[in-house]
There are 2 protein chains.
Amino acid sequence: MGNPGDRVSLGETWSREVHPDIDSERHSPSFSVERLTNILDGGIPNTELRRRVESLIQHDPVFNLKHLYFMTRDELYEDAVQKRFHLEKLAWSLGWSEDGPERIYADRVLAGYNNLSLHGIAMNAIRSLGSDEQIAKWCQLGKNFQIITTYAQTELGHGTYLQGLETEATYDATTQEFVIHSPTLTSIKWWPGDLGRTVTHAVVLAQLICLGVRHGMHAFIVPIRSLENHTPLPGITVGDIGPKMGLENIDNGFLRLNHVRVPRENMLSRFAEVLPDGTYQRLGTPQSNYLGMLVTRVQLLYKGLLPSLQKACTIAVRYAVIRHQSRLRPSDPEAKILEYQTQQQKLLPQLAVSYALHFMAISLLQFFHSSYSDILKRDFSLLPELHALSTGMKAMFSDFCAQGTEICRRACGGHGYSKLSGLPTLVTQAIASCTYEGENTVLYLQVARFLMKSYLQAQVSPGSIPQKPLPQSVMYLATPKPARCPAQTAADFLCPEVYTTAWAYVSARLIRDAAQHTQTLVRSGVDQYDAWNQTSVIHLQAAKAHCYFISVRNFKEAVEKLDNEPEIQRVLQNLCDLYALNGILTNSGDFLHDGFLSGAQVDMARTAFLDLLPLIRKDAILLTDAFDFSDHCLNSALGCYDGHVYQRLFEWAQKSPANTQENPAYKKYIRPLMQSWRPKL
Amino acid sequence: MGNPGDRVSLGETWSREVHPDIDSERHSPSFSVERLTNILDGGIPNTELRRRVESLIQHDPVFNLKHLYFMTRDELYEDAVQKRFHLEKLAWSLGWSEDGPERIYADRVLAGYNNLSLHGIAMNAIRSLGSDEQIAKWCQLGKNFQIITTYAQTELGHGTYLQGLETEATYDATTQEFVIHSPTLTSIKWWPGDLGRTVTHAVVLAQLICLGVRHGMHAFIVPIRSLENHTPLPGITVGDIGPKMGLENIDNGFLRLNHVRVPRENMLSRFAEVLPDGTYQRLGTPQSNYLGMLVTRVQLLYKGLLPSLQKACTIAVRYAVIRHQSRLRPSDPEAKILEYQTQQQKLLPQLAVSYALHFMAISLLQFFHSSYSDILKRDFSLLPELHALSTGMKAMFSDFCAQGTEICRRACGGHGYSKLSGLPTLVTQAIASCTYEGENTVLYLQVARFLMKSYLQAQVSPGSIPQKPLPQSVMYLATPKPARCPAQTAADFLCPEVYTTAWAYVSARLIRDAAQHTQTLVRSGVDQYDAWNQTSVIHLQAAKAHCYFISVRNFKEAVEKLDNEPEIQRVLQNLCDLYALNGILTNSGDFLHDGFLSGAQVDMARTAFLDLLPLIRKDAILLTDAFDFSDHCLNSALGCYDGHVYQRLFEWAQKSPANTQENPAYKKYIRPLMQSWRPKL
């Protein structure tokens, strides 16, 4: 796999050599692509391991992805279950550990085409919320697939607002059981993955009622289907919620519970417990029950969201050096579309976002690993910051990936609308992530509350050290900043200090502006809740700026650390500059608002931005090659390593059932209509 | 149909009454919904006719749309052909004229679920480009469906740049035939709708070669399939291009021509002719061949694009008064999500866009009808302006509809991802339109060239009357404007004169800025083509601002004309204000750049904008009701008139084949895996 020649798809005669239009892009590279791949992987051993896993999967016919685009929903479901179980057998036979890197690498290749990811999320929830005995029991069963599990939280009428969930778990002390019940139509569990046709158990989130008192949402392990014959157990109504915009292989389901009884031991009890007599004991903060979601969100960034944008960039950039269109000047041949400034402006910022988010995800994972072990030991001091960072980044990553994959798709013109391009699948996966695991607007507003609190805390003792130190990620709110940007030329905007400070300034200003708007309303007599609602649009904007600032600063710091890799540092520096400047230009009003930037400075930033485009364009193919996606995994007629776009589109289209089966409409409708006129001819 | 009670879906017991949460929104309306519907329809007789057509369709079982979400691609194709032919028979039996309003109304209900729309486009092309004899012959055949036609322009390797099309039509004087040929893989015609499995003829765009000389692109009528048995004719390779992101019912196809001969008479010859000896005679401008596309684009706005956004608004706004989530204050019950400012900020601007685009489409259609008859008489004086307006509006409409339908979809949370919501279909239809009939970036750059020309023309004699008058739509470039916005309060931003002038100012400034950037580069020695490319991002921005300005001014003027409808004028004025201000706020950098607006004024505009939200929110349901879409046509579990969202989701989901068929994966994969562990238990 180390040899680029091996990346070329097998079995097609015209693919034995690389198309000259893409081959020329790889001549005389300005940096080592292999070295950049190693950096992205976190070291040479990781790259090697990843490639071994990918090679295994690529050469196993069960993991073939090529026919997916022609399958019905039913076929996709069956195929995805097969792939997942086949992967499990492979993992057992090779002794892959449950959360080891091999599975992450395998998921990267299979890209959501293997089902039962909710089984992992449910296991995470058990590990986060369960007692040690519960973890030992259920995670062992889950690991062996003696049970298959989902995480059942959202309801037909309730999503984001967990306190509003209606499902009830009423403790019956006489039998030491919980009675789990869906009291209304709107309380039917709706959306959990793998629930519709597959799982045997569900981690059900329900309102705990003990001795007539409600104690809020808790998690219960509920058997759903018979382990003997897979039929729904008594009291259970379960099924599939129907077709969706994407993720068609997954059987998202509904679940109606009619007074279903589970033993007392089935309530996950790391942070709260019900004693046999019905006494309720809280052992953690009320936030503890959200921990499962926190873990899921953090993992989602790197494993789920980032690859979708990286793949879309790879496909769109490769296509943009094969596709020729129009002439730059009348005497020229038609130009590669990547030569056009407007095309560069679409794709290269997405490439910059891909790298920015990569380094952001790595940092957040590090912070997560260092703080989460404390949290599990019930030290919650870092939880508010971890929560704010992970919610903010989940919202920003999914927003950017949704937007970026669609920009890449549209930048491929008509062919980007063909499923054979691979892009529609990436887009419909990415846009789903803006809603699941926390709707983005709601998440940004949670960040905004954290920011408002931090702002007020910084105000208590401005300039000096506050009594309780600010969380690290918002310390910049208390730092003095210049009132004007010092840049005097376009080149000044390529100084990381200049744009990082600009972002810090604007983010802090927007947070202050939002907080002050709320406070002004409260002072004028509006109650605090109305005041919050009437300024939430302003808070939303501030939260977004804060997240962008965090990612700019993080990218800057990550590039600085690459001192010993000067060529790679140079090319990543360009991307970091582009990322920061693109953000400034698309939000220029926020920078101009109080004169931090002048109009002339915005023009300088634009010049710097536009001048970066042709520079990065030279490295664009190499920068996508460095993601090291195999053709198998991209599964795209437009994005293969060898650049043979048109042959592939033509060959793949022939496989469409529409070309191999009879036309059902001809005899029934077309011929009768056309011939109805014959007598009159 | 006039009675709202009739709008409620039939046959479901719970739908006999309207949900109180939506019913209350319709109490004591501040304006007559029926009257607004009449205005949108262009008069009471149109409303009545539209409802008669809709009622006919709604009560005909062939036009049932309910099962579409569960169909495979093959089934969708068959169903859509059936619907179209059934509609044709209905039209014949009722004597609907070919371009009469009844068909437009029928298409509005069937919303792209009936195929063969390319047949109409091909007929338009023949009417635009054909001689009178050709029109008489081919349009008669087409009208009677003795032939079925498509318009075959784009190729596998060529789209936007028509001069680059490779298909050749070489004249053979010895037989007086054209030899139509695909010389390369990339020249295979790719994408034409209905080509894959259905049509008998294609209007093929090809490079005309006479006596060894190339004369550019011309249109030829080419028989594709046998009228006897529908098999491809000699020299023809034809098929389906495979699955797509949406529009799955349509058999977009490919067509490879191997020296296919057609008689000399098959070249459409209104604007150019080949004499028997091969002499080429041009009768129109070189632009004439683009006329077919122009007509298609203009028609697309009103018939194709606008309803997608209007429907998405209807669905999302109705759902937003049924869905309750979180509490505005702890003591309150959960609030309708439409009470949240962030939700209002998502949906209400889309409602404003829907109305803005409606009035824009009406104006453009009027301009088209008044100028197009001259063009057909070979008076091309208004062609450049008509071209610029129609391309710009096609780009803006499709951008806004793509963005707006997705905003509406995402504003419905998880349920917006379910196909049963109707929203995924609207989104995938809308995003396709950003690419077909002219890729939007390319179209905006055509507008930019027109603007640059107009700007230079206005410069020739600034202030005074230019020698050749500027086209009406760009006359504002030559009008003096104030250097600062005079607004002093938020209320001032509700003055249409204030924001229209602001938009005129900024659009003119961006056009000037773009032109000057290009000129500066040229003066510095960069050749004009490179200079254009290196400033195209700046020109793009200017073209977008120009289109927005045109639509703001048009909306303002349309509202002014409603003097005799004070209640409706008031509510539309709010929408017009919101439309203009939303555009200012999302592009505030352009307004702040040279101090036309100050930061304080942007804050005033924001206050005005935020204050409008709760005002419009009160009328939101009525404003969507006024579009008068029937439940049948919305085909949405979330968007029905009666508001019974959850019952419908639950009932519709039961119909999913996943719930009525056996699980294909259970016996094959799930049971074996789960039971593989039995012995060890």
# chains A, B, ... in the order shown; residues from 1 in each chain; ligands from 1
$ residues_around --residues "stretch 509-526 of chain A" --least-positions-apart "5" --cutoff "6 Å" --atoms "only C-alpha atoms" --output "list in words"
Met452, Ala531, Ile538, His539 and Ala542 of chain A
$ write_last_selection --atoms "N, CA and C atoms" --output "tab-separated table (two decimals), in the first residue's frame"
chain	number	residue	atom	x	y	z
A	452	MET	N	-21.26	33.24	28.19
A	452	MET	CA	-21.85	34.34	28.96
A	452	MET	C	-21.38	34.25	30.41
A	531	ALA	N	-35.42	37.74	27.94
A	531	ALA	CA	-34.23	38.46	27.51
A	531	ALA	C	-33.28	37.52	26.77
A	538	ILE	N	-28.13	36.74	18.63
A	538	ILE	CA	-26.85	37.43	18.82
A	538	ILE	C	-25.87	36.51	19.54
A	539	HIS	N	-26.36	35.76	20.53
A	539	HIS	CA	-25.50	34.81	21.24
A	539	HIS	C	-25.00	33.70	20.30
A	542	ALA	N	-22.07	34.84	18.40
A	542	ALA	CA	-20.88	34.90	19.25
A	542	ALA	C	-20.30	33.50	19.48
$ residues_around --residues "B:Phe380" --least-positions-apart "4" --cutoff "9 Å" --atoms "only C-alpha atoms" --output "mmCIF file with N, CA and C atoms, in the first residue's frame"
data_model
loop_
_atom_site.group_PDB
_atom_site.id
_atom_site.type_symbol
_atom_site.label_atom_id
_atom_site.label_comp_id
_atom_site.auth_asym_id
_atom_site.auth_seq_id
_atom_site.Cartn_x
_atom_site.Cartn_y
_atom_site.Cartn_z
ATOM 1 N N GLY B 284 -29.111 34.767 -37.980
ATOM 2 C CA GLY B 284 -29.290 35.453 -36.692
ATOM 3 C C GLY B 284 -27.941 35.764 -36.091
ATOM 4 N N THR B 285 -27.924 36.159 -34.851
ATOM 5 C CA THR B 285 -26.648 36.403 -34.172
ATOM 6 C C THR B 285 -26.101 35.057 -33.723
ATOM 7 N N SER B 371 -40.433 41.192 -24.530
ATOM 8 C CA SER B 371 -39.229 41.310 -25.354
ATOM 9 C C SER B 371 -39.015 40.125 -26.287
ATOM 10 N N ASP B 374 -40.153 40.242 -30.001
ATOM 11 C CA ASP B 374 -39.231 41.013 -30.848
ATOM 12 C C ASP B 374 -38.037 40.151 -31.257
ATOM 13 N N ILE B 375 -37.527 39.397 -30.299
ATOM 14 C CA ILE B 375 -36.333 38.596 -30.580
ATOM 15 C C ILE B 375 -36.624 37.564 -31.655
ATOM 16 N N LEU B 376 -37.810 36.939 -31.552
ATOM 17 C CA LEU B 376 -38.147 35.946 -32.571
ATOM 18 C C LEU B 376 -38.263 36.604 -33.944
ATOM 19 N N PRO B 384 -29.431 41.187 -24.775
ATOM 20 C CA PRO B 384 -28.409 41.170 -23.718
ATOM 21 C C PRO B 384 -29.003 41.358 -22.321
#
$ closest_residue --among "A:Gln153, A:Ser381, A:Ser536, A:Asn229" --to "A:Val442" --atoms "only C-alpha atoms"
A:Ser536
$ closest_residue --among "A:Leu294, A:Val53, A:Leu638, A:Val109" --to "A:Trp96" --atoms "only C-alpha atoms"
A:Val53
$ select_by_dssp --residues "stretch 51-128 of chain A" --states "helix (DSSP H, G or I)" --output "ChimeraX atom specification"
/A:51-58,61-63,68-70,73-94,101-110,117-128
$ closest_residue --among "B:Leu208, B:Leu36, B:Leu592, B:Leu443" --to "B:Tyr161" --atoms "only C-alpha atoms"
B:Leu443
$ residues_around --residues "A:Ile147" --least-positions-apart "5" --cutoff "7 Å" --atoms "only C-alpha atoms" --output "VMD selection string"
chain A and resid 141 to 142 200 to 201
$ residues_around --residues "B:Leu477" --least-positions-apart "6" --cutoff "7 Å" --atoms "only C-alpha atoms" --output "count of residues only"
3
$ residues_around --residues "B:Ser551" --least-positions-apart "5" --cutoff "10 Å" --atoms "only C-alpha atoms" --output "count of residues only"
18
$ atom_distance --atom1 "atom CA of A:Gln472" --atom2 "atom CA of A:Ile550"
10.9 Å
$ closest_residue --among "A:Arg553, A:Arg570, A:Arg103, A:Lys189" --to "chain B" --atoms "only C-alpha atoms"
A:Lys189
$ residues_around --residues "B:Glu385" --least-positions-apart "4" --cutoff "12 Å" --atoms "only C-alpha atoms" --output "list in words"
Leu294, Leu364, Phe367, Phe368, Ser371, Tyr372, Ile375, Phe380, Ser381, Leu389, Ser390, Thr391, Gly392, Met393, Gln446, Val447, Arg449, Phe450, Leu451, Lys453, Ser454, Leu470, Pro471, Gln472, Ser473, Val474 and Met475 of chain B
$ atom_distance --atom1 "atom CA of A:Ala402" --atom2 "atom CA of B:Gly404"
14.7 Å
$ residues_around --residues "A:Leu68" --least-positions-apart "4" --cutoff "10 Å" --atoms "only C-alpha atoms" --output "PyMOL selection string"
chain A and resi 64+72-73+75-76+79-80+113+249+419-420+635
$ select_by_dssp --residues "stretch 275-335 of chain A" --states "strand (DSSP E or B)" --output "list of chain:residue names"
A:Tyr280, A:Gln281, A:Arg282, A:His324
$ atom_distance --atom1 "atom CA of B:Gly196" --atom2 "atom CA of A:Leu423"
22.0 Å
$ closest_residue --among "A:Lys561, A:His119, A:His593, A:His27" --to "chain B" --atoms "only C-alpha atoms"
A:His593
